[in-house]
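Structure file start02.cif; described as mmCIF, C-alpha atoms.
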```cif
data_input
#
loop_
_atom_site.label_atom_id
_atom_site.label_comp_id
_atom_site.auth_asym_id
_atom_site.auth_seq_id
_atom_site.Cartn_x
_atom_site.Cartn_y
_atom_site.Cartn_z
CA MET A 1 39.66 72.03 2.31
CA PHE A 2 39.44 69.81 -0.77
CA GLY A 3 42.00 69.35 -3.50
CA LEU A 4 42.09 68.46 -7.19
CA ILE A 5 45.08 66.88 -8.93
CA GLY A 6 44.91 67.20 -12.68
CA HIS A 7 46.90 67.46 -15.87
CA LEU A 8 46.65 68.94 -19.34
CA THR A 9 45.70 67.03 -22.47
CA SER A 10 48.99 67.24 -24.41
CA LEU A 11 52.39 68.91 -24.59
CA GLU A 12 51.00 71.38 -27.11
CA HIS A 13 48.12 72.21 -24.76
CA ALA A 14 50.47 72.58 -21.80
CA LYS A 15 52.79 74.97 -23.64
CA SER A 16 49.86 77.05 -24.87
CA VAL A 17 48.45 77.65 -21.36
CA ALA A 18 51.69 77.93 -19.38
CA HIS A 19 51.33 81.71 -19.15
CA LYS A 20 47.79 81.41 -17.80
CA LEU A 21 48.90 78.84 -15.23
CA GLY A 22 51.54 81.21 -13.88
CA TYR A 23 54.76 79.62 -15.12
CA PRO A 24 55.55 81.30 -18.47
CA GLU A 25 59.06 79.88 -18.45
CA TYR A 26 57.54 76.46 -19.28
CA ALA A 27 55.94 77.66 -22.51
CA GLU A 28 58.92 77.01 -24.79
CA GLN A 29 60.05 73.77 -23.17
CA GLY A 30 59.87 70.24 -24.58
CA LEU A 31 58.85 66.94 -23.03
CA ASP A 32 62.16 66.40 -21.22
CA PHE A 33 61.64 69.58 -19.25
CA TRP A 34 58.04 68.72 -18.37
CA CYS A 35 59.20 65.31 -17.14
CA SER A 36 61.19 67.05 -14.41
CA ALA A 37 58.86 70.00 -13.70
CA PRO A 38 57.48 70.01 -10.13
CA PRO A 39 53.77 70.10 -9.23
CA GLN A 40 52.28 73.47 -8.39
CA VAL A 41 49.10 74.87 -6.86
CA VAL A 42 47.72 77.04 -9.66
CA ASP A 43 44.18 77.79 -8.47
CA HIS A 44 42.48 78.49 -5.12
CA PHE A 45 38.71 78.91 -5.02
CA LYS A 46 35.46 78.62 -3.07
CA VAL A 47 32.43 76.43 -3.82
CA VAL A 48 28.99 77.16 -2.37
CA SER A 49 26.54 74.28 -1.93
CA ALA A 50 22.82 74.48 -2.67
CA THR A 51 22.51 74.16 1.12
CA GLY A 52 24.46 77.40 1.60
CA GLN A 53 27.58 75.70 2.93
CA THR A 54 30.89 77.11 1.64
CA ILE A 55 34.15 75.20 1.23
CA GLU A 56 37.57 76.06 -0.18
CA GLY A 57 39.68 74.11 -2.63
CA LYS A 58 43.01 74.10 -4.42
CA TYR A 59 43.96 72.76 -7.84
CA VAL A 60 47.36 71.05 -8.08
CA GLU A 61 48.79 70.87 -11.60
CA SER A 62 50.81 67.65 -11.70
CA CYS A 63 52.68 68.58 -14.92
CA PHE A 64 52.03 65.03 -16.15
CA LEU A 65 51.37 64.80 -19.90
CA PRO A 66 49.91 61.82 -21.81
CA GLU A 67 52.98 61.87 -24.08
CA MET A 68 54.98 60.54 -21.14
CA LEU A 69 53.11 57.24 -21.38
CA ALA A 70 53.18 57.24 -25.17
CA ASN A 71 56.97 57.67 -25.06
CA ARG A 72 57.38 55.10 -22.28
CA ARG A 73 58.46 57.66 -19.71
CA ILE A 74 56.84 55.49 -17.04
CA LYS A 75 59.10 56.57 -14.18
CA ALA A 76 58.46 60.22 -14.99
CA ALA A 77 54.68 59.62 -15.12
CA THR A 78 54.55 57.81 -11.78
CA ARG A 79 56.84 60.38 -10.17
CA LYS A 80 54.49 63.13 -11.34
CA ILE A 81 51.49 61.61 -9.60
CA LEU A 82 53.30 60.76 -6.37
CA ASN A 83 54.88 64.22 -6.16
CA ALA A 84 51.50 65.88 -6.79
CA MET A 85 49.93 63.79 -4.02
CA ALA A 86 52.73 64.70 -1.63
CA HIS A 87 52.33 68.37 -2.57
CA ALA A 88 48.59 68.25 -1.86
CA GLN A 89 49.18 66.56 1.50
CA LYS A 90 51.77 69.19 2.46
CA GLU A 91 49.17 71.87 1.68
CA GLY A 92 47.03 70.40 4.48
CA ILE A 93 44.19 69.38 2.16
CA ASN A 94 41.62 67.06 3.76
CA ILE A 95 40.56 65.13 0.66
CA THR A 96 42.01 65.30 -2.87
CA ALA A 97 40.64 63.83 -6.11
CA LEU A 98 42.98 62.22 -8.64
CA GLY A 99 41.67 63.45 -11.98
CA GLY A 100 42.16 62.08 -15.50
CA PHE A 101 45.17 59.82 -15.91
CA SER A 102 46.24 60.41 -12.30
CA SER A 103 44.08 57.63 -10.88
CA ILE A 104 44.79 55.30 -13.81
CA ILE A 105 48.55 55.65 -13.34
CA PHE A 106 48.20 55.14 -9.59
CA GLU A 107 46.26 51.90 -10.03
CA ASN A 108 48.00 50.44 -13.07
CA PHE A 109 51.50 50.90 -11.70
CA LYS A 110 50.57 49.89 -8.14
CA LEU A 111 51.75 53.13 -6.58
CA GLU A 112 50.10 52.18 -3.28
CA GLN A 113 53.28 50.18 -2.68
CA ILE A 114 55.23 53.46 -2.54
CA LYS A 115 54.15 55.10 0.68
CA ARG A 116 57.06 57.48 1.19
CA VAL A 117 57.86 60.41 -1.10
CA ARG A 118 61.10 62.12 -0.09
CA ASN A 119 60.54 62.99 3.59
CA LEU A 120 56.77 62.49 3.59
CA ASP A 121 54.67 59.41 4.35
CA LEU A 122 51.64 59.50 2.06
CA ASP A 123 48.30 59.12 3.82
CA PHE A 124 46.16 57.42 1.17
CA SER A 125 42.99 58.07 3.18
CA LYS A 126 43.32 61.70 2.04
CA PHE A 127 42.83 60.79 -1.64
CA THR A 128 40.01 59.54 -3.84
CA THR A 129 39.92 58.64 -7.52
CA GLY A 130 36.49 60.21 -7.91
CA ASN A 131 35.42 57.18 -9.94
CA THR A 132 32.25 56.43 -7.96
CA HIS A 133 30.73 59.81 -8.72
CA THR A 134 31.92 59.62 -12.33
CA ALA A 135 30.27 56.23 -12.79
CA TYR A 136 27.04 57.47 -11.19
CA VAL A 137 26.95 60.56 -13.41
CA ILE A 138 27.55 58.54 -16.59
CA CYS A 139 24.73 56.17 -15.67
CA LYS A 140 22.35 59.05 -15.04
CA GLN A 141 23.35 60.61 -18.36
CA VAL A 142 22.35 57.36 -20.08
CA GLU A 143 19.08 57.09 -18.14
CA ASP A 144 18.08 60.74 -18.62
CA ALA A 145 19.18 61.28 -22.23
CA ALA A 146 18.01 58.03 -23.86
CA PRO A 147 14.23 58.61 -23.61
CA GLY A 148 14.54 62.01 -25.29
CA LEU A 149 16.05 60.26 -28.31
CA GLY A 150 13.29 57.68 -28.44
CA ILE A 151 15.47 54.97 -26.86
CA ASP A 152 13.68 52.77 -24.32
CA LEU A 153 16.40 51.15 -22.21
CA THR A 154 14.21 48.15 -21.45
CA GLU A 155 14.26 47.42 -25.19
CA ALA A 156 17.78 48.70 -25.85
CA THR A 157 21.22 47.24 -26.36
CA VAL A 158 23.99 49.10 -24.50
CA ALA A 159 27.68 48.61 -25.26
CA VAL A 160 30.24 49.55 -22.61
CA CYS A 161 33.71 50.06 -24.10
CA GLY A 162 36.26 49.74 -21.33
CA ALA A 163 33.89 47.51 -19.36
CA THR A 164 36.53 45.97 -17.10
CA GLY A 165 37.94 49.23 -15.76
CA ASP A 166 36.92 50.70 -12.43
CA ILE A 167 34.34 53.07 -13.93
CA GLY A 168 33.29 50.67 -16.69
CA SER A 169 32.55 47.78 -14.33
CA ALA A 170 30.52 50.10 -12.06
CA VAL A 171 28.50 51.31 -15.06
CA CYS A 172 27.83 47.68 -16.00
CA ARG A 173 26.64 46.88 -12.47
CA TRP A 174 24.25 49.84 -12.51
CA LEU A 175 22.88 49.09 -15.98
CA THR A 176 22.32 45.47 -14.99
CA GLY A 177 20.88 46.10 -11.55
CA ARG A 178 18.97 49.35 -11.93
CA THR A 179 17.83 50.03 -15.50
CA GLY A 180 16.37 46.78 -16.83
CA VAL A 181 18.43 47.23 -20.00
CA LYS A 182 17.56 44.49 -22.51
CA ASP A 183 21.10 43.59 -23.61
CA LEU A 184 24.57 44.57 -22.43
CA LEU A 185 27.67 44.23 -24.61
CA LEU A 186 30.97 44.04 -22.73
CA VAL A 187 33.98 45.38 -24.64
CA ALA A 188 37.57 45.57 -23.38
CA ARG A 189 41.06 44.38 -24.25
CA ASN A 190 41.55 41.78 -21.50
CA GLN A 191 39.53 38.64 -22.26
CA GLU A 192 39.99 37.09 -18.81
CA ARG A 193 38.71 40.20 -17.04
CA LEU A 194 35.75 40.35 -19.42
CA GLU A 195 34.80 36.77 -18.62
CA ASN A 196 35.16 37.45 -14.88
CA LEU A 197 32.90 40.50 -15.16
CA GLN A 198 30.31 38.57 -17.14
CA ALA A 199 30.35 35.85 -14.46
CA GLU A 200 29.89 38.46 -11.72
CA LEU A 201 26.99 40.17 -13.51
CA LYS A 202 25.38 36.92 -14.70
CA PHE A 203 24.36 39.06 -17.64
CA GLY A 204 25.74 40.57 -20.83
CA ARG A 205 27.73 39.32 -23.79
CA VAL A 206 31.46 39.63 -24.43
CA GLN A 207 32.07 41.22 -27.81
CA THR A 208 34.76 42.91 -29.86
CA LEU A 209 34.40 46.60 -30.63
CA ASP A 210 33.61 45.88 -34.28
CA GLU A 211 30.90 43.41 -33.29
CA ALA A 212 29.33 45.61 -30.61
CA LEU A 213 29.04 49.02 -32.24
CA PRO A 214 26.52 48.18 -35.02
CA GLN A 215 24.21 46.52 -32.45
CA ALA A 216 24.20 49.27 -29.85
CA ASP A 217 21.48 51.82 -29.24
CA VAL A 218 23.71 53.34 -26.55
CA VAL A 219 27.51 53.28 -26.39
CA VAL A 220 29.34 54.21 -23.19
CA TRP A 221 33.04 54.91 -23.72
CA VAL A 222 35.06 54.76 -20.51
CA ALA A 223 38.44 54.01 -22.03
CA SER A 224 40.55 56.00 -24.46
CA MET A 225 40.01 54.95 -28.03
CA PRO A 226 43.04 52.99 -29.31
CA LYS A 227 45.05 54.83 -31.93
CA GLY A 228 44.24 53.73 -35.42
CA VAL A 229 40.69 52.61 -34.64
CA GLU A 230 38.34 53.62 -37.41
CA VAL A 231 34.58 53.36 -37.02
CA ASN A 232 32.27 53.29 -40.01
CA LEU A 233 29.61 55.69 -38.78
CA GLU A 234 27.18 54.46 -41.43
CA THR A 235 27.01 51.09 -39.65
CA LEU A 236 25.78 52.60 -36.38
CA LYS A 237 22.14 52.56 -35.36
CA GLN A 238 20.04 55.70 -35.69
CA PRO A 239 19.28 57.05 -33.22
CA CYS A 240 22.41 56.20 -31.24
CA LEU A 241 23.49 57.79 -27.96
CA MET A 242 27.23 58.01 -27.36
CA VAL A 243 28.39 58.91 -23.83
CA ASP A 244 32.09 59.72 -23.95
CA GLY A 245 33.59 59.34 -20.48
CA GLY A 246 37.22 59.53 -21.58
CA TYR A 247 39.76 62.28 -20.90
CA PRO A 248 40.80 63.66 -23.30
CA LYS A 249 37.46 63.10 -25.04
CA ASN A 250 37.45 60.44 -27.75
CA MET A 251 34.77 61.48 -30.14
CA ASP A 252 33.57 65.08 -29.99
CA ALA A 253 34.80 65.80 -33.51
CA THR A 254 35.16 62.35 -35.09
CA PHE A 255 31.62 61.15 -34.31
CA SER A 256 29.68 64.02 -35.86
CA TYR A 257 27.04 62.26 -37.95
CA PRO A 258 23.25 62.45 -38.45
CA GLY A 259 21.35 60.40 -35.88
CA ILE A 260 24.31 60.14 -33.48
CA THR A 261 24.12 62.15 -30.26
CA VAL A 262 27.37 62.55 -28.33
CA LEU A 263 27.38 63.57 -24.66
CA LYS A 264 30.48 64.56 -22.74
CA GLY A 265 30.35 61.80 -20.16
CA GLY A 266 31.30 62.27 -16.53
CA ILE A 267 30.66 66.03 -16.57
CA VAL A 268 28.39 67.73 -14.03
CA GLU A 269 26.78 71.13 -13.86
CA HIS A 270 26.59 73.10 -10.63
CA MET A 271 23.78 75.47 -9.77
CA LEU A 272 26.11 78.26 -8.57
CA ASP A 273 29.08 79.81 -10.35
CA ILE A 274 32.55 78.73 -9.22
CA ASP A 275 35.15 81.47 -9.60
CA TRP A 276 38.12 79.49 -10.86
CA HIS A 277 40.52 79.49 -13.81
CA ILE A 278 41.25 75.84 -14.37
CA MET A 279 38.00 74.95 -16.14
CA ASN A 280 38.71 77.73 -18.64
CA ILE A 281 42.13 76.23 -19.25
CA VAL A 282 40.73 72.74 -19.96
CA ASN A 283 38.17 74.30 -22.33
CA MET A 284 35.02 73.44 -20.41
CA ASP A 285 32.03 74.88 -22.30
CA VAL A 286 30.65 76.77 -19.27
CA PRO A 287 33.69 77.01 -16.97
CA GLY A 288 31.92 78.56 -13.98
CA ARG A 289 29.17 75.96 -13.90
CA GLN A 290 30.65 72.73 -15.33
CA LEU A 291 33.35 70.38 -14.05
CA PHE A 292 34.54 66.80 -14.09
CA ALA A 293 32.53 64.49 -11.85
CA CYS A 294 35.73 63.05 -10.34
CA PHE A 295 36.68 66.53 -9.13
CA ALA A 296 33.17 67.06 -7.80
CA GLU A 297 33.55 63.91 -5.68
CA SER A 298 36.23 65.54 -3.54
CA MET A 299 33.96 68.57 -3.11
CA LEU A 300 31.09 66.34 -2.04
CA LEU A 301 33.27 64.47 0.44
CA GLU A 302 34.38 67.81 1.91
CA PHE A 303 30.79 69.06 2.12
CA GLU A 304 29.81 65.81 3.86
CA LYS A 305 32.97 65.70 6.01
CA LEU A 306 33.71 62.20 4.66
CA HIS A 307 37.48 62.57 4.64
CA THR A 308 38.25 59.10 3.35
CA ASN A 309 39.38 57.39 0.14
CA PHE A 310 35.78 56.87 -0.93
CA SER A 311 36.81 55.56 -4.38
CA TRP A 312 39.93 53.41 -4.21
CA GLY A 313 41.17 50.30 -5.96
CA ARG A 314 39.91 48.57 -9.08
CA ASN A 315 36.37 47.20 -9.22
CA GLN A 316 35.43 48.23 -5.69
CA ILE A 317 32.50 50.49 -6.63
CA THR A 318 29.17 49.20 -5.31
CA LEU A 319 25.63 50.29 -6.13
CA GLU A 320 25.26 51.39 -2.51
CA LYS A 321 28.25 53.72 -2.81
CA MET A 322 26.86 55.11 -6.06
CA ASP A 323 23.54 55.77 -4.31
CA LEU A 324 25.32 57.54 -1.45
CA ILE A 325 27.43 59.84 -3.61
CA GLY A 326 24.49 60.42 -5.96
CA GLU A 327 22.28 61.58 -3.10
CA ALA A 328 25.01 63.95 -1.90
CA SER A 329 25.50 65.22 -5.45
CA ARG A 330 21.84 66.17 -5.80
CA ARG A 331 21.69 67.69 -2.30
CA HIS A 332 24.61 70.03 -2.96
CA GLY A 333 23.38 71.25 -6.33
CA PHE A 334 25.15 69.09 -8.94
CA LYS A 335 23.42 67.45 -11.90
CA PRO A 336 24.64 65.42 -14.89
CA LEU A 337 25.41 67.36 -18.07
CA LEU A 338 22.78 66.52 -20.71
CA THR A 339 23.61 68.92 -23.56
#
```
Have the structure of the file written as structure tokens, please.
Amino acid sequence: MFGLIGHLTSLEHAKSVAHKLGYPEYAEQGLDFWCSAPPQVVDHFKVVSATGQTIEGKYVESCFLPEMLANRRIKAATRKILNAMAHAQKEGINITALGGFSSIIFENFKLEQIKRVRNLDLDFSKFTTGNTHTAYVICKQVEDAAPGLGIDLTEATVAVCGATGDIGSAVCRWLTGRTGVKDLLLVARNQERLENLQAELKFGRVQTLDEALPQADVVVWVASMPKGVEVNLETLKQPCLMVDGGYPKNMDATFSYPGITVLKGGIVEHMLDIDWHIMNIVNMDVPGRQLFACFAESMLLEFEKLHTNFSWGRNQITLEKMDLIGEASRRHGFKPLLT
């Protein structure tokens, strides 16, 4: 069995779907209540591979909300993720993906140092961030969508915003090593990490967001857009491909402009319908056929019987691992979302 640990996009979103998730008593509660709410299994489903193999999975709602970080409820946020992991392990799940902010919180606050949750010793080999598959899918979205817009990657400039993160650095490695992209612009907040990444790649230029955007034929967003950032859409190239790998998405509404194509990055389609509720609740366009690539990684690891923390730790994603998970993804009927 595989597991998925996720969360909703906001307090407002959480309150609006509480009835659908099966805990209507949460619907009228504020942030303080959600900070103490326990994790719950809210969905149990089957997934059938293109090979005919069938596996079962469970979705664990962590009850984490992004407002907890915005309001500096750090202890509540970290407790949410640890408790959700413990809950998944108690359910006897073989491999569980940490979706959305779950993996970011785990890494940024060094939760690997906390191995015991109440009376349970966490077995980290039972968890994966799903970042390898997400990075692979984003790269394939760039490769597959660009030509249709008249963008030749060998003549193109690609900006990666959030380049030093786990997914961002993997995308940069792939673009450098596999696509022959002409120019790579590295954008992130931490200057030292940017310089280290540039030294590793032996390629690319460190730029600010304002410098990079007007130059880019393709923009890959793998970090949440800072509040207050305003982009003059008239300064962007046309055509321009935007691949938005954030959660919640950064630009679906704000980047509607002639000549700009926005793809929901890190989303895959599956060839067979999945009978589940959670993708309806997170407003996936085709809930039975579409899902987050990080979630799909745990499915792939269960299909392949690779019960290990395949994606774990910052900047550990290699091209070889991306090849491996990509091959499994294709074999079991997943493909990158291109519409």
Taking the file as shown, find all residues satisfying the PyMOL selection byres ((chain A and resi 171-178) around 9) and write them as a PyMOL selection string. chain A and resi 135-136+138-139+158+160+163-164+166-170+179-184+186+197+201+203-204+220+318-319+322
Assuming the chain letters and numbering stay as they are in my file, what does the PyMOL selection byres ((chain A and resi 20) around 10) actually select? List them as JSON, numbers by chain. {"A": [16, 17, 18, 19, 21, 22, 23, 24, 42, 277, 278, 280, 281]}
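Using only C-alpha atoms for every distance, the candidate list A:Phe45, A:Phe292, A:Tyr257, A:Phe334 yields A:Phe45 as the residue closest to A:Asp275.
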Find, counting all atoms listed in the file, the residue in A:Gln141, A:Asn94, A:Gln113, A:Gln316 that gets nearest to A:Leu337. A:Gln141
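Atom CA of A:Lys140 to atom CA of A:Gln207 spans 24.0 Å [interatomic distance, one decimal].
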Extending 3 Å beyond the listed atoms of stretch 121-132 of chain A on each side, what axis-aligned box results? I want centre and edge lengths in Å to one decimal, as JSON.
```
{"center_x": 43.5, "center_y": 59.1, "center_z": -2.8, "size_x": 28.4, "size_y": 11.3, "size_z": 20.3}
```
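One distance worth recording is that between atom CA of A:Gln198 and atom CA of A:Ala223, which is 18.1 Å.
Between A:Gln238 and the candidates A:Leu98, A:Leu272, A:Ile151, A:Leu324, the tightest atom-to-atom separation, counting all atoms listed in the file, involves A:Ile151.
For the atom pair formed by atom CA of A:Pro38 and atom CA of A:Tyr247, the distance is 22.1 Å, given to one decimal.
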For the PyMOL selection byres ((chain A and resi 325) around 9), applied here, can you spell out every residue it catches as number ranges by chain? A: 132-133, 136, 297, 300-301, 320-324, 326-330
I'd like the neighbourhood of A:Ala212 as number ranges by chain, where a residue qualifies if any of its atoms comes within 8 Å (using only C-alpha atoms), though same-chain residues fewer than 5 positions away should be ignored. A: 159, 185, 187, 207
Under the rule that all atoms listed in the file are counted, which of A:Gly3, A:Asn190, A:Glu200, A:Ile260 is the nearest residue to A:Leu149? A:Ile260
List as number ranges by chain the protein and nucleic acid residues near A:Tyr59, meaning an atom at most 10 Å away when all atoms listed in the file are counted, but skip any in the same chain fewer than 5 places from it. A: 2-6, 40-45, 88, 96-97, 276-278, 295
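In terms of minimum interatomic distance to A:Asn71, A:Leu31 ranks closest within A:Ala145, A:Ile317, A:Leu31, A:Leu306, counting all atoms listed in the file.
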Need the shell around A:His307: protein/DNA/RNA residues with any atom at most 9 Å away, counting only C-alpha atoms. Skip same-chain ones fewer than 3 positions apart. Format as a compact mmCIF listing (two decimals) with C-alpha atoms, in the frame of the given file?
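What ended up in out.txt:
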```txt
# COMPACT_ATOMS: atom_id res chain seq x y z
CA ASN A 94 41.62 67.06 3.76
CA ILE A 95 40.56 65.13 0.66
CA SER A 125 42.99 58.07 3.18
CA LYS A 126 43.32 61.70 2.04
CA PHE A 127 42.83 60.79 -1.64
CA SER A 298 36.23 65.54 -3.54
CA LEU A 301 33.27 64.47 0.44
CA GLU A 302 34.38 67.81 1.91
CA GLU A 304 29.81 65.81 3.86
CA PHE A 310 35.78 56.87 -0.93
```
Which residues, written as number ranges by chain, have at least one atom at most 12 Å from A:Phe33, with all atoms listed in the file counted and residues fewer than 6 positions away on the same chain left out? A: 11, 14-15, 25-27, 63-65, 68, 76
If you count all atoms listed in the file, the residue of A:Gly52, A:Pro214, A:Pro147, A:Gly333 closest to A:Ala296 turns out to be A:Gly333
12 Å contact set for A:Ile104, all atoms listed in the file, chain neighbours under 6 positions out, as a ChimeraX atom specification: /A:6,66,69,77-78,81,98,110-111,128-131,165-167,222-224,246-247,312-314
